[in-house]
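Novice: This one is data.tsv, TSV, C-alpha atoms and all ligand atoms.
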chain	number	residue	atom	x	y	z
A	1	MET	CA	84.17	137.41	-0.56
A	2	PRO	CA	82.86	134.06	-1.86
A	3	SER	CA	85.24	132.86	-4.57
A	4	ASN	CA	82.43	131.45	-6.71
A	5	SER	CA	80.56	134.75	-6.70
A	6	SER	CA	79.39	135.72	-10.18
A	7	GLU	CA	80.92	139.15	-9.76
A	8	PHE	CA	84.34	137.55	-10.23
A	9	ALA	CA	83.32	136.42	-13.67
A	10	GLN	CA	83.27	140.08	-14.61
A	11	ARG	CA	86.18	141.82	-16.20
A	12	ILE	CA	87.07	145.45	-16.40
A	13	PRO	CA	86.69	146.51	-20.02
A	14	ALA	CA	90.05	147.43	-21.55
A	15	ASP	CA	88.84	150.85	-22.60
A	16	ILE	CA	88.18	152.03	-19.02
A	17	ARG	CA	91.13	154.32	-18.34
A	18	CYS	CA	89.66	156.93	-16.05
A	19	ALA	CA	86.79	156.89	-13.54
A	20	GLN	CA	84.48	158.80	-15.85
A	21	ASP	CA	84.81	156.12	-18.56
A	22	TYR	CA	82.37	154.07	-16.45
A	23	GLU	CA	79.66	156.57	-17.34
A	24	ILE	CA	80.03	155.79	-21.03
A	25	ALA	CA	80.46	152.05	-20.49
A	26	ALA	CA	77.29	151.89	-18.34
A	27	GLN	CA	75.23	153.00	-21.31
A	28	GLY	CA	76.06	149.63	-22.83
A	29	THR	CA	75.28	147.60	-19.71
A	30	MET	CA	72.17	149.28	-18.28
A	31	SER	CA	68.86	149.48	-20.11
A	32	GLU	CA	68.18	152.88	-21.61
A	33	ALA	CA	65.39	153.47	-19.09
A	34	SER	CA	67.48	152.45	-16.06
A	35	TYR	CA	70.35	154.60	-17.24
A	36	ALA	CA	67.97	157.55	-17.59
A	37	TYR	CA	66.73	156.95	-14.02
A	38	VAL	CA	70.27	156.99	-12.61
A	39	ALA	CA	71.70	159.79	-14.77
A	40	GLY	CA	68.70	162.09	-14.61
A	41	GLY	CA	67.84	164.77	-12.12
A	42	THR	CA	64.52	166.46	-11.59
A	43	GLY	CA	62.76	169.06	-13.72
A	44	GLN	CA	65.00	170.31	-16.48
A	45	ASP	CA	68.14	168.79	-14.98
A	46	LEU	CA	69.38	172.31	-14.20
A	47	SER	CA	71.10	171.30	-10.98
A	48	VAL	CA	72.64	168.19	-12.53
A	49	ALA	CA	74.23	170.44	-15.15
A	50	ALA	CA	75.21	173.05	-12.53
A	51	ASN	CA	77.02	170.43	-10.43
A	52	LEU	CA	79.16	169.37	-13.37
A	53	ALA	CA	79.78	172.91	-14.64
A	54	ALA	CA	80.89	174.15	-11.21
A	55	PHE	CA	84.02	171.99	-11.31
A	56	ALA	CA	84.92	173.20	-14.80
A	57	LYS	CA	84.99	176.79	-13.51
A	58	TRP	CA	88.23	176.16	-11.65
A	59	SER	CA	91.79	175.37	-12.75
A	60	VAL	CA	94.51	173.91	-10.55
A	61	TYR	CA	97.89	175.66	-10.34
A	62	PRO	CA	100.82	173.36	-11.07
A	63	ARG	CA	103.66	173.93	-8.56
A	64	VAL	CA	107.35	173.09	-8.88
A	65	LEU	CA	110.18	171.97	-6.63
A	66	ARG	CA	107.91	170.95	-3.77
A	67	ASP	CA	108.90	167.86	-1.80
A	68	VAL	CA	105.92	165.47	-1.73
A	69	LYS	CA	107.85	162.25	-1.08
A	70	GLU	CA	106.06	161.71	2.22
A	71	GLY	CA	102.70	162.38	0.58
A	72	HIS	CA	99.50	160.56	1.54
A	73	THR	CA	95.74	161.05	1.32
A	74	ARG	CA	94.70	160.08	4.86
A	75	VAL	CA	91.84	162.01	6.38
A	76	GLN	CA	90.32	162.20	9.85
A	77	LEU	CA	86.53	162.27	9.99
A	78	GLY	CA	85.37	162.49	13.58
A	79	ALA	CA	86.84	159.47	15.33
A	80	GLN	CA	87.59	157.67	12.07
A	81	THR	CA	90.76	157.85	9.99
A	82	LEU	CA	90.24	156.94	6.34
A	83	ALA	CA	93.01	156.07	3.89
A	84	HIS	CA	91.60	158.53	1.38
A	85	PRO	CA	88.76	161.05	1.17
A	86	ILE	CA	86.55	159.17	-1.31
A	87	LEU	CA	83.38	157.71	0.24
A	88	LEU	CA	80.47	155.96	-1.47
A	89	ALA	CA	77.30	158.06	-1.33
A	90	PRO	CA	73.98	156.48	-0.38
A	91	VAL	CA	72.47	155.33	-3.67
A	92	ALA	CA	69.10	153.57	-3.59
A	93	PHE	CA	67.99	150.53	-5.57
A	94	GLN	CA	71.38	149.19	-6.58
A	95	LYS	CA	69.77	146.00	-7.89
A	96	LEU	CA	68.98	148.11	-10.94
A	97	ALA	CA	72.68	148.03	-11.75
A	98	HIS	CA	73.76	144.56	-10.62
A	99	PRO	CA	72.16	141.45	-9.05
A	100	LEU	CA	74.58	141.60	-6.08
A	101	ALA	CA	73.64	145.25	-5.60
A	102	GLU	CA	74.76	146.85	-2.31
A	103	ILE	CA	76.59	143.69	-1.25
A	104	ALA	CA	78.98	144.07	-4.19
A	105	THR	CA	79.39	147.77	-3.42
A	106	ALA	CA	80.17	146.98	0.21
A	107	HIS	CA	82.86	144.45	-0.81
A	108	ALA	CA	84.38	147.09	-3.08
A	109	ALA	CA	84.38	149.69	-0.31
A	110	GLN	CA	86.14	147.26	2.00
A	111	ALA	CA	88.74	146.29	-0.61
A	112	MET	CA	89.53	149.94	-1.34
A	113	GLU	CA	89.44	151.14	2.29
A	114	SER	CA	86.54	153.40	1.47
A	115	CYS	CA	83.47	154.01	3.60
A	116	ILE	CA	80.09	152.88	2.28
A	117	VAL	CA	77.01	154.88	3.20
A	118	CYS	CA	74.16	152.38	2.88
A	119	SER	CA	70.84	153.90	1.74
A	120	THR	CA	67.58	153.40	3.62
A	121	LEU	CA	66.28	152.40	0.18
A	122	ALA	CA	68.85	149.64	-0.36
A	123	THR	CA	67.69	146.53	-2.16
A	124	SER	CA	69.71	144.29	0.20
A	125	PRO	CA	69.11	143.78	3.93
A	126	LEU	CA	71.15	146.36	5.80
A	127	GLU	CA	72.61	143.66	8.06
A	128	GLU	CA	74.05	141.87	5.00
A	129	VAL	CA	75.48	145.11	3.65
A	130	ALA	CA	77.13	145.75	7.01
A	131	ALA	CA	78.57	142.25	7.10
A	132	ALA	CA	80.03	142.63	3.59
A	133	ALA	CA	81.54	146.03	4.36
A	134	GLY	CA	84.72	146.57	6.34
A	135	SER	CA	84.80	148.58	9.52
A	136	GLU	CA	84.07	151.82	7.66
A	137	LYS	CA	80.32	151.87	7.14
A	138	TRP	CA	77.65	154.45	7.76
A	139	PHE	CA	73.88	154.18	7.44
A	140	GLN	CA	71.80	156.78	5.60
A	141	LEU	CA	68.46	157.31	7.27
A	142	TYR	CA	65.27	158.73	5.82
A	143	PHE	CA	62.74	159.75	8.45
A	144	GLN	CA	59.73	157.49	8.21
A	145	THR	CA	56.16	158.70	8.66
A	146	LYS	CA	55.96	156.95	12.03
A	147	ARG	CA	58.68	157.50	14.62
A	148	GLU	CA	58.55	153.83	15.59
A	149	ASP	CA	59.56	152.90	12.04
A	150	THR	CA	62.42	155.41	12.06
A	151	LEU	CA	63.53	154.04	15.42
A	152	GLN	CA	63.42	150.48	14.15
A	153	LEU	CA	65.76	151.37	11.25
A	154	LEU	CA	68.07	153.19	13.66
A	155	ARG	CA	68.23	150.24	16.05
A	156	ARG	CA	68.90	147.80	13.22
A	157	ALA	CA	71.70	150.03	11.89
A	158	GLU	CA	73.26	150.26	15.36
A	159	ALA	CA	73.02	146.52	15.89
A	160	ALA	CA	74.56	145.84	12.46
A	161	GLY	CA	77.64	147.86	13.38
A	162	PHE	CA	77.23	150.99	11.27
A	163	ARG	CA	79.46	153.67	12.79
A	164	ALA	CA	77.49	156.79	11.92
A	165	ILE	CA	74.01	157.83	10.85
A	166	VAL	CA	73.59	160.16	7.88
A	167	VAL	CA	70.15	161.73	7.91
A	168	THR	CA	69.11	162.97	4.49
A	169	LEU	CA	66.88	166.04	4.78
A	170	ASP	CA	66.61	167.38	1.24
A	171	ALA	CA	64.17	164.89	-0.23
A	172	SER	CA	60.93	165.19	1.74
A	173	ILE	CA	59.13	165.15	-1.57
A	174	GLN	CA	60.02	162.42	-4.01
A	175	VAL	CA	60.21	164.35	-7.26
A	176	ALA	CA	60.17	162.19	-10.37
A	177	SER	CA	62.86	162.51	-12.97
A	178	MET	CA	61.43	163.76	-16.26
A	179	ARG	CA	64.21	161.98	-18.05
A	180	ALA	CA	63.28	158.67	-16.44
A	181	LEU	CA	59.58	159.17	-17.11
A	182	LYS	CA	60.17	160.04	-20.74
A	183	ALA	CA	62.40	156.98	-21.12
A	184	GLY	CA	59.52	154.83	-19.83
A	185	PHE	CA	61.32	153.82	-16.65
A	186	ARG	CA	59.44	151.65	-14.19
A	187	MET	CA	61.03	150.22	-11.08
A	188	PRO	CA	61.37	146.45	-11.68
A	189	GLU	CA	59.20	144.23	-9.44
A	190	ASP	CA	62.25	142.76	-7.70
A	191	CYS	CA	63.76	146.16	-6.90
A	192	LEU	CA	62.33	146.64	-3.43
A	193	ALA	CA	63.47	148.81	-0.56
A	194	VAL	CA	63.63	145.67	1.56
A	195	ASN	CA	64.59	147.44	4.79
A	196	LEU	CA	61.34	149.36	5.07
A	197	PRO	CA	58.84	147.68	7.36
A	198	GLN	CA	55.79	147.51	5.08
A	199	LEU	CA	55.66	145.89	1.65
A	200	GLU	CA	53.68	148.79	0.20
A	201	GLN	CA	56.48	151.18	1.30
A	202	GLN	CA	59.11	149.02	-0.35
A	203	LYS	CA	57.73	149.54	-3.86
A	204	VAL	CA	58.57	152.79	-5.53
A	205	GLU	CA	56.21	154.33	-8.04
A	206	LEU	CA	57.29	157.19	-10.26
A	207	SER	CA	54.58	159.68	-10.97
A	208	ALA	CA	54.80	162.87	-13.00
A	209	GLY	CA	53.82	165.12	-10.13
A	210	ALA	CA	52.43	165.08	-6.64
A	211	SER	CA	49.01	166.70	-6.44
A	212	ARG	CA	49.09	167.45	-2.72
A	213	ILE	CA	52.23	168.97	-1.33
A	214	PHE	CA	51.79	171.05	1.85
A	215	GLN	CA	48.88	169.08	3.34
A	216	GLY	CA	49.96	165.90	1.57
A	217	MET	CA	53.57	164.78	1.31
A	218	MET	CA	54.95	167.49	3.59
A	219	LEU	CA	52.77	166.32	6.48
A	220	ALA	CA	55.31	163.58	7.10
A	221	ALA	CA	58.38	165.75	6.47
A	222	PRO	CA	60.77	166.08	9.41
A	223	THR	CA	61.24	169.35	11.27
A	224	TRP	CA	63.81	170.49	13.84
A	225	SER	CA	62.10	168.65	16.68
A	226	ASP	CA	62.41	165.36	14.78
A	227	LEU	CA	66.13	165.85	14.32
A	228	THR	CA	66.60	166.70	17.99
A	229	TRP	CA	64.57	163.64	18.92
A	230	LEU	CA	66.67	161.42	16.64
A	231	MET	CA	69.92	162.72	18.10
A	232	SER	CA	68.63	161.95	21.59
A	233	GLN	CA	67.95	158.35	20.56
A	234	THR	CA	71.46	157.31	19.57
A	235	SER	CA	75.04	157.58	20.73
A	236	LEU	CA	76.28	157.26	17.14
A	237	PRO	CA	77.50	160.42	15.39
A	238	VAL	CA	74.63	161.95	13.41
A	239	TRP	CA	75.55	163.64	10.13
A	240	VAL	CA	73.06	165.59	8.07
A	241	LYS	CA	73.01	165.29	4.27
A	242	GLY	CA	71.43	167.69	1.82
A	243	VAL	CA	72.42	171.03	3.31
A	244	MET	CA	72.99	173.93	0.91
A	245	HIS	CA	72.28	177.14	2.79
A	246	PRO	CA	75.06	178.51	5.05
A	247	GLU	CA	72.52	179.47	7.73
A	248	ASP	CA	71.12	175.94	7.84
A	249	ALA	CA	74.67	174.64	8.17
A	250	ARG	CA	75.38	177.02	11.05
A	251	ALA	CA	72.17	176.07	12.84
A	252	LEU	CA	72.88	172.36	12.43
A	253	GLN	CA	76.38	172.85	13.78
A	254	ALA	CA	74.89	174.64	16.80
A	255	ALA	CA	72.43	171.76	17.24
A	256	GLY	CA	75.37	169.41	17.64
A	257	VAL	CA	75.41	167.31	14.48
A	258	ALA	CA	78.67	165.47	13.85
A	259	GLY	CA	79.10	166.92	10.39
A	260	ILE	CA	77.30	168.02	7.26
A	261	VAL	CA	77.12	166.70	3.72
A	262	VAL	CA	76.85	169.69	1.40
A	263	SER	CA	74.69	168.24	-1.34
A	264	ASN	CA	71.79	168.99	-3.66
A	265	HIS	CA	71.08	165.26	-3.93
A	266	GLY	CA	72.93	165.08	-7.23
A	267	GLY	CA	70.31	167.40	-8.76
A	268	ARG	CA	67.54	164.96	-7.90
A	269	SER	CA	65.52	167.11	-5.53
A	270	LEU	CA	65.05	170.88	-6.02
A	271	ASP	CA	65.75	171.57	-9.67
A	272	GLY	CA	67.35	174.99	-9.83
A	273	ALA	CA	69.29	174.51	-6.59
A	274	PRO	CA	72.83	175.85	-6.96
A	275	ALA	CA	75.75	173.54	-7.56
A	276	SER	CA	76.87	172.04	-4.28
A	277	LEU	CA	80.47	173.09	-5.00
A	278	SER	CA	79.44	176.71	-5.43
A	279	VAL	CA	77.93	176.97	-1.92
A	280	LEU	CA	80.76	175.11	-0.20
A	281	PRO	CA	83.13	178.07	0.44
A	282	ALA	CA	80.41	180.14	2.15
A	283	ILE	CA	79.43	177.19	4.35
A	284	ARG	CA	83.05	176.51	5.29
A	285	ALA	CA	83.54	180.19	6.14
A	286	LEU	CA	80.56	180.13	8.50
A	287	VAL	CA	81.19	176.81	10.30
A	288	GLY	CA	84.94	177.35	10.73
A	289	GLN	CA	87.93	175.23	9.78
A	290	ASP	CA	87.42	172.38	12.24
A	291	PHE	CA	83.84	171.37	11.54
A	292	PRO	CA	83.56	168.22	9.36
A	293	LEU	CA	82.13	168.92	5.91
A	294	LEU	CA	81.62	166.44	3.10
A	295	LEU	CA	80.59	167.37	-0.42
A	296	ASP	CA	78.90	165.47	-3.21
A	297	GLY	CA	77.42	166.25	-6.60
A	298	GLY	CA	79.17	166.21	-9.94
A	299	ILE	CA	82.44	164.56	-8.95
A	300	ARG	CA	83.73	162.64	-11.95
A	301	SER	CA	87.53	162.72	-11.47
A	302	GLY	CA	90.27	162.85	-8.88
A	303	THR	CA	90.91	166.45	-9.91
A	304	ASP	CA	87.29	167.21	-8.96
A	305	VAL	CA	88.01	165.68	-5.54
A	306	PHE	CA	91.02	167.99	-5.23
A	307	LYS	CA	88.89	171.03	-6.13
A	308	ALA	CA	86.24	170.11	-3.56
A	309	ILE	CA	88.88	169.82	-0.85
A	310	ALA	CA	90.47	173.11	-1.93
A	311	LEU	CA	87.10	174.83	-1.55
A	312	GLY	CA	86.43	173.51	1.94
A	313	ALA	CA	85.45	169.82	1.97
A	314	ASN	CA	87.23	167.32	4.21
A	315	ALA	CA	86.16	164.46	1.95
A	316	VAL	CA	83.68	163.67	-0.82
A	317	LEU	CA	80.96	161.19	-1.70
A	318	ILE	CA	80.54	159.52	-5.07
A	319	GLY	CA	77.00	158.84	-6.33
A	320	ARG	CA	76.35	158.00	-9.96
A	321	LEU	CA	79.85	156.74	-10.83
A	322	GLN	CA	79.24	154.03	-8.23
A	323	MET	CA	76.14	152.77	-10.06
A	324	TYR	CA	77.83	152.97	-13.44
A	325	ALA	CA	80.87	150.98	-12.27
A	326	LEU	CA	78.62	148.47	-10.50
A	327	SER	CA	76.66	147.82	-13.68
A	328	VAL	CA	79.81	147.43	-15.78
A	329	ALA	CA	81.86	145.12	-13.57
A	330	GLY	CA	80.15	144.52	-10.20
A	331	ALA	CA	82.31	144.79	-7.08
A	332	LEU	CA	85.44	144.77	-9.20
A	333	GLY	CA	84.17	147.75	-11.17
A	334	VAL	CA	83.33	149.80	-8.07
A	335	ALA	CA	86.72	148.99	-6.52
A	336	HIS	CA	88.45	149.90	-9.78
A	337	MET	CA	86.51	153.16	-10.04
A	338	ILE	CA	87.62	154.14	-6.50
A	339	LYS	CA	91.21	153.16	-7.32
A	340	LEU	CA	91.16	155.33	-10.44
A	341	LEU	CA	89.78	158.30	-8.49
A	342	CYS	CA	92.47	157.84	-5.82
A	343	GLU	CA	95.21	157.71	-8.45
A	344	GLU	CA	93.82	160.77	-10.21
A	345	LEU	CA	93.70	162.63	-6.89
A	346	GLU	CA	97.28	161.65	-6.03
A	347	ILE	CA	98.54	162.75	-9.46
A	348	CYS	CA	96.77	166.08	-9.06
A	349	MET	CA	98.17	166.55	-5.54
A	350	ALA	CA	101.71	165.68	-6.62
A	351	LEU	CA	101.68	168.07	-9.59
A	352	ALA	CA	100.04	170.80	-7.50
A	353	GLY	CA	102.76	170.35	-4.87
A	354	CYS	CA	100.44	169.17	-2.10
A	355	ALA	CA	101.76	166.33	0.03
A	356	THR	CA	98.67	165.97	2.21
A	357	LEU	CA	95.03	166.96	2.05
A	358	ALA	CA	95.77	169.63	4.65
A	359	ASP	CA	98.08	171.31	2.11
A	360	ILE	CA	95.20	171.77	-0.34
A	361	ASP	CA	93.45	175.11	-0.07
A	362	ALA	CA	91.80	177.71	-2.26
A	363	ASN	CA	95.20	179.17	-3.20
A	364	ALA	CA	95.74	176.03	-5.26
A	365	LEU	CA	92.89	177.05	-7.60
A	366	LEU	CA	92.41	179.74	-10.21
A	367	PRO	CA	88.86	180.65	-11.24
A	368	HIS	CA	88.11	180.95	-14.95
A	369	LEU	CA	86.92	184.40	-15.85
B	1	LIG	C1	70.86	159.04	-5.04
B	1	LIG	N1	71.08	159.81	-3.89
B	1	LIG	C2	70.57	159.40	-2.69
B	1	LIG	N2	70.83	160.11	-1.55
B	1	LIG	C3	70.37	159.70	-0.35
B	1	LIG	O1	70.61	160.35	0.66
B	1	LIG	N3	69.64	158.53	-0.25
B	1	LIG	C4	69.35	157.77	-1.34
B	1	LIG	O2	68.71	156.73	-1.22
B	1	LIG	C5	69.80	158.22	-2.61
B	1	LIG	N4	69.52	157.52	-3.74
B	1	LIG	C6	70.05	157.89	-4.95
B	1	LIG	C7	69.79	157.11	-6.09
B	1	LIG	C8	70.39	157.45	-7.29
B	1	LIG	C9	70.14	156.58	-8.50
B	1	LIG	C10	71.25	158.58	-7.37
B	1	LIG	C11	71.94	158.94	-8.66
B	1	LIG	C12	71.46	159.36	-6.26
B	1	LIG	C13	71.94	161.01	-3.95
B	1	LIG	C14	73.41	160.63	-3.72
B	1	LIG	O3	73.63	160.21	-2.40
B	1	LIG	C15	74.35	161.80	-4.00
B	1	LIG	O4	73.94	162.91	-3.23
B	1	LIG	C16	74.44	162.21	-5.47
B	1	LIG	O5	74.32	161.09	-6.31
B	1	LIG	C17	75.79	162.89	-5.71
B	1	LIG	O6	75.89	163.34	-7.03
B	1	LIG	P1	76.65	162.52	-8.19
B	1	LIG	O7	77.96	161.98	-7.61
B	1	LIG	O8	75.74	161.43	-8.61
B	1	LIG	O9	76.85	163.56	-9.24
Could you render the structure as structure tokens?

Specialist:
Amino acid sequence: MPSNSSEFAQRIPADIRCAQDYEIAAQGTMSEASYAYVAGGTGQDLSVAANLAAFAKWSVYPRVLRDVKEGHTRVQLGAQTLAHPILLAPVAFQKLAHPLAEIATAHAAQAMESCIVCSTLATSPLEEVAAAAGSEKWFQLYFQTKREDTLQLLRRAEAAGFRAIVVTLDASIQVASMRALKAGFRMPEDCLAVNLPQLEQQKVELSAGASRIFQGMMLAAPTWSDLTWLMSQTSLPVWVKGVMHPEDARALQAAGVAGIVVSNHGGRSLDGAPASLSVLPAIRALVGQDFPLLLDGGIRSGTDVFKAIALGANAVLIGRLQMYALSVAGALGVAHMIKLLCEELEICMALAGCATLADIDANALLPHL
């Protein structure tokens, strides 16, 4: 990291004591409209609320006299071993939060031995994000209208050294956030999705509703043949993000994807979709114990990470907290947020008598009635 980088001028505010404190602190560092854009979901924010509420429905059993002295949080994801199960979700337009945007996030991921998943809609060139990240870096791909454009992104990601492709399939229609619209949010002129080939694609406009769906936006939406085609084009592992139905998960497993991210896009796509945590056990039951599953949506603490693992995830992705921490203290903030989550997870594991992630299962949880 360059030692004169402005991110080093930033300090972690003294009142940040847990990862979720970044959510409150970000309300003082982001404009009201930008905060609304990041925090909001679609429609009535039903799925945003569901994601958060799903974690509160479970308690963790404390256990006694268990020997956890050899404890660790290492996790195997495909060919990769990560020091802990906390990855950074693809989050678009990070310049909204900090001038160093995805580059700062990538530095933080490297410092904390996390894995960054760089969004197709990053505001920094993907090659620079890859260079700033450590060896653990994945690229999130949105299918483009033209296959040649999708292929170009794929080839650039491969050349930049990303180790996996995460195809997001749950956002074929860009649904505007009511909260962002009501707050008067407009994407700043300099917040461009610089990795897309055409300038007009790089600018994002928020509109209240799309007038043409089936013969409009959905004309360009990917189908099974596009996924099969994509998988035939790369030797990198292809994960699929945005899967909520157990039958979709089973079919994707049969199609040979490397793993699945159980996600409702943080409540930013289909409003009224269930909480991602609530569909996780059924998906795990159908795909079996050995198939890699990640979960995101609503994780705000290390105890939430524990609950996700207990209900079937191998690891989790963090979305909004990443943007909040980035806006409060740049790379330092994101690294600190990951550190806090790791500490919270380790505390929870130790008190629940789990020495490794493999020791965490549904028996560790008690549902609230
Ligand atoms: C996202 N998310 C997202 N997902 C994706 O696949 N590609 C993307 O470009 C984006 N962009 C994006 C922007 C913003 C501002 C947010 C908040 C989210 C969804 C993200 O990867 C993840 O699924 C959710 O954010 C997880 O929920 P939490 O952790 O935010 O509750």

Novice: Using only C-alpha atoms and all ligand atoms, which residues of the polymer chains come no farther than 7 Å from ligand LIG 1 (chain B)? I'd like the answer as a PDB file with C-alpha atoms, in the frame of the given file.

Specialist:
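Okay, pocket17.pdb is ready:
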ATOM      1  CA  TYR A  37      66.730 156.950 -14.020  1.00  0.00           C
ATOM      2  CA  VAL A  38      70.270 156.990 -12.610  1.00  0.00           C
ATOM      3  CA  ALA A  39      71.700 159.790 -14.770  1.00  0.00           C
ATOM      4  CA  ASN A  51      77.020 170.430 -10.430  1.00  0.00           C
ATOM      5  CA  ALA A  89      77.300 158.060  -1.330  1.00  0.00           C
ATOM      6  CA  PRO A  90      73.980 156.480  -0.380  1.00  0.00           C
ATOM      7  CA  VAL A  91      72.470 155.330  -3.670  1.00  0.00           C
ATOM      8  CA  ALA A  92      69.100 153.570  -3.590  1.00  0.00           C
ATOM      9  CA  PHE A  93      67.990 150.530  -5.570  1.00  0.00           C
ATOM     10  CA  SER A 119      70.840 153.900   1.740  1.00  0.00           C
ATOM     11  CA  THR A 120      67.580 153.400   3.620  1.00  0.00           C
ATOM     12  CA  LEU A 121      66.280 152.400   0.180  1.00  0.00           C
ATOM     13  CA  GLN A 140      71.800 156.780   5.600  1.00  0.00           C
ATOM     14  CA  THR A 168      69.110 162.970   4.490  1.00  0.00           C
ATOM     15  CA  LYS A 241      73.010 165.290   4.270  1.00  0.00           C
ATOM     16  CA  SER A 263      74.690 168.240  -1.340  1.00  0.00           C
ATOM     17  CA  ASN A 264      71.790 168.990  -3.660  1.00  0.00           C
ATOM     18  CA  HIS A 265      71.080 165.260  -3.930  1.00  0.00           C
ATOM     19  CA  GLY A 266      72.930 165.080  -7.230  1.00  0.00           C
ATOM     20  CA  ASP A 296      78.900 165.470  -3.210  1.00  0.00           C
ATOM     21  CA  GLY A 297      77.420 166.250  -6.600  1.00  0.00           C
ATOM     22  CA  GLY A 298      79.170 166.210  -9.940  1.00  0.00           C
ATOM     23  CA  ILE A 299      82.440 164.560  -8.950  1.00  0.00           C
ATOM     24  CA  LEU A 317      80.960 161.190  -1.700  1.00  0.00           C
ATOM     25  CA  ILE A 318      80.540 159.520  -5.070  1.00  0.00           C
ATOM     26  CA  GLY A 319      77.000 158.840  -6.330  1.00  0.00           C
ATOM     27  CA  ARG A 320      76.350 158.000  -9.960  1.00  0.00           C
ATOM     28  CA  LEU A 321      79.850 156.740 -10.830  1.00  0.00           C
TER      29      LEU A 321
END

Novice: To one decimal place in Å, what is the distance between atom CA of A:Ala97 and atom CA of A:Tyr22?

Specialist: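 Separation of atom CA of A:Ala97 and atom CA of A:Tyr22: 12.3 Å.
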
Novice: Provide the atom CA of A:Asp67 to atom CA of A:Arg17 distance in Å, to one decimal place.

Specialist: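 Atom CA of A:Asp67 sits 27.8 Å away from atom CA of A:Arg17.
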
Novice: For A:Val328, work out the shell of residues within 12 Å, counting only C-alpha atoms and skipping chain neighbours fewer than 2 positions away, then give it as a ChimeraX atom specification.

Specialist: /A:7,9-16,19,21-31,35,96-99,321-326,330-337

Novice: Give me the residues near stretch 245-248 of chain A as a PyMOL selection string, where near means some atom within 8 Å (using all atoms listed in the file) and where sequence neighbours in that chain fewer than 5 positions away do not count.

Specialist: chain A and resi 279+282-283+286

Novice: Name the closest residue to A:Ile86 among the candidates A:Leu199, A:Val287, A:Ala350, A:Val117; distances are taken between atoms, counting only C-alpha atoms.

Specialist: A:Val117

Novice: Between A:Pro292, A:Ser34, A:Ala133, A:Ser172, which has the minimum distance to A:Phe214 (counting all atoms listed in the file)?

Specialist: A:Ser172

Novice: What separation in Å, quoted to one decimal, exists between atom CA of A:Thr145 and atom CA of A:Ala255?

Specialist: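 Taking atom CA of A:Thr145 and atom CA of A:Ala255, their separation equals 22.6 Å.
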
Novice: Within 6 Å of stretch 160-165 of chain A, counting all atoms listed in the file, which residues show up once you throw out same-chain ones fewer than 3 positions away? Write them as a ChimeraX atom specification, please.

Specialist: /A:127,137-140,157,236-238

Novice: Go ahead and write the selection's residues with C-alpha atoms as a PDB file, keeping the file's coordinate frame.

Specialist:
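File out.pdb, as written:
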ATOM      1  CA  GLU A 127      72.610 143.660   8.060  1.00  0.00           C
ATOM      2  CA  LYS A 137      80.320 151.870   7.140  1.00  0.00           C
ATOM      3  CA  TRP A 138      77.650 154.450   7.760  1.00  0.00           C
ATOM      4  CA  PHE A 139      73.880 154.180   7.440  1.00  0.00           C
ATOM      5  CA  GLN A 140      71.800 156.780   5.600  1.00  0.00           C
ATOM      6  CA  ALA A 157      71.700 150.030  11.890  1.00  0.00           C
ATOM      7  CA  LEU A 236      76.280 157.260  17.140  1.00  0.00           C
ATOM      8  CA  PRO A 237      77.500 160.420  15.390  1.00  0.00           C
ATOM      9  CA  VAL A 238      74.630 161.950  13.410  1.00  0.00           C
TER      10      VAL A 238
END

Novice: Which neighbours of A:Val261 fall inside 6 Å, counting only C-alpha atoms, when residues of the same chain fewer than 6 positions from it are skipped, and could you give them as an NGL selection string?

Specialist: :A and (241 or 293-295)

Novice: Please, could you write that set of residues out with C-alpha atoms as a short mmCIF file (atom, residue, chain, number, x, y, z; two decimals), keeping the file's coordinate frame?

Specialist:
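That gives us out36.cif:
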data_model
loop_
_atom_site.label_atom_id
_atom_site.label_comp_id
_atom_site.auth_asym_id
_atom_site.auth_seq_id
_atom_site.Cartn_x
_atom_site.Cartn_y
_atom_site.Cartn_z
CA LYS A 241 73.01 165.29 4.27
CA LEU A 293 82.13 168.92 5.91
CA LEU A 294 81.62 166.44 3.10
CA LEU A 295 80.59 167.37 -0.42
#

Novice: Compare A:Gln152, A:Thr356, A:Gln289, A:Gln144 by their minimum atom-to-atom distance to A:Gly71, counting all atoms listed in the file, and give me the closest one.

Specialist: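 Distance minimum relative to A:Gly71 lands on A:Thr356.
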
Novice: Can you work out which one of A:Ala364, A:Val305, A:Cys354, A:Ala176 has the shortest atom-to-atom distance to A:His84, counting only C-alpha atoms?

Specialist: A:Val305

Novice: So that I can see what lies close to stretch 179-182 of chain A, please list as an MDAnalysis selection string the residues with an atom at most 10 Å from it, counting all atoms listed in the file and leaving out residues fewer than 4 positions away in the same chain.

Specialist: chainID A and resid 32:45 186 206:208

Novice: Using all atoms listed in the file for the distances, tell me which of A:Thr73, A:Ser327, A:Ser301, A:Gln198 is nearest to A:Lys146.

Specialist: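 The answer is A:Gln198, which sits nearest to A:Lys146.
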
Novice: With all atoms listed in the file as the basis for distance, which of A:Ala122, A:Cys115, A:Ile103, A:Ile309 is at the shortest distance from A:Ala83?

Specialist: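 Using all atoms listed in the file, the shortest distance to A:Ala83 belongs to A:Cys115.
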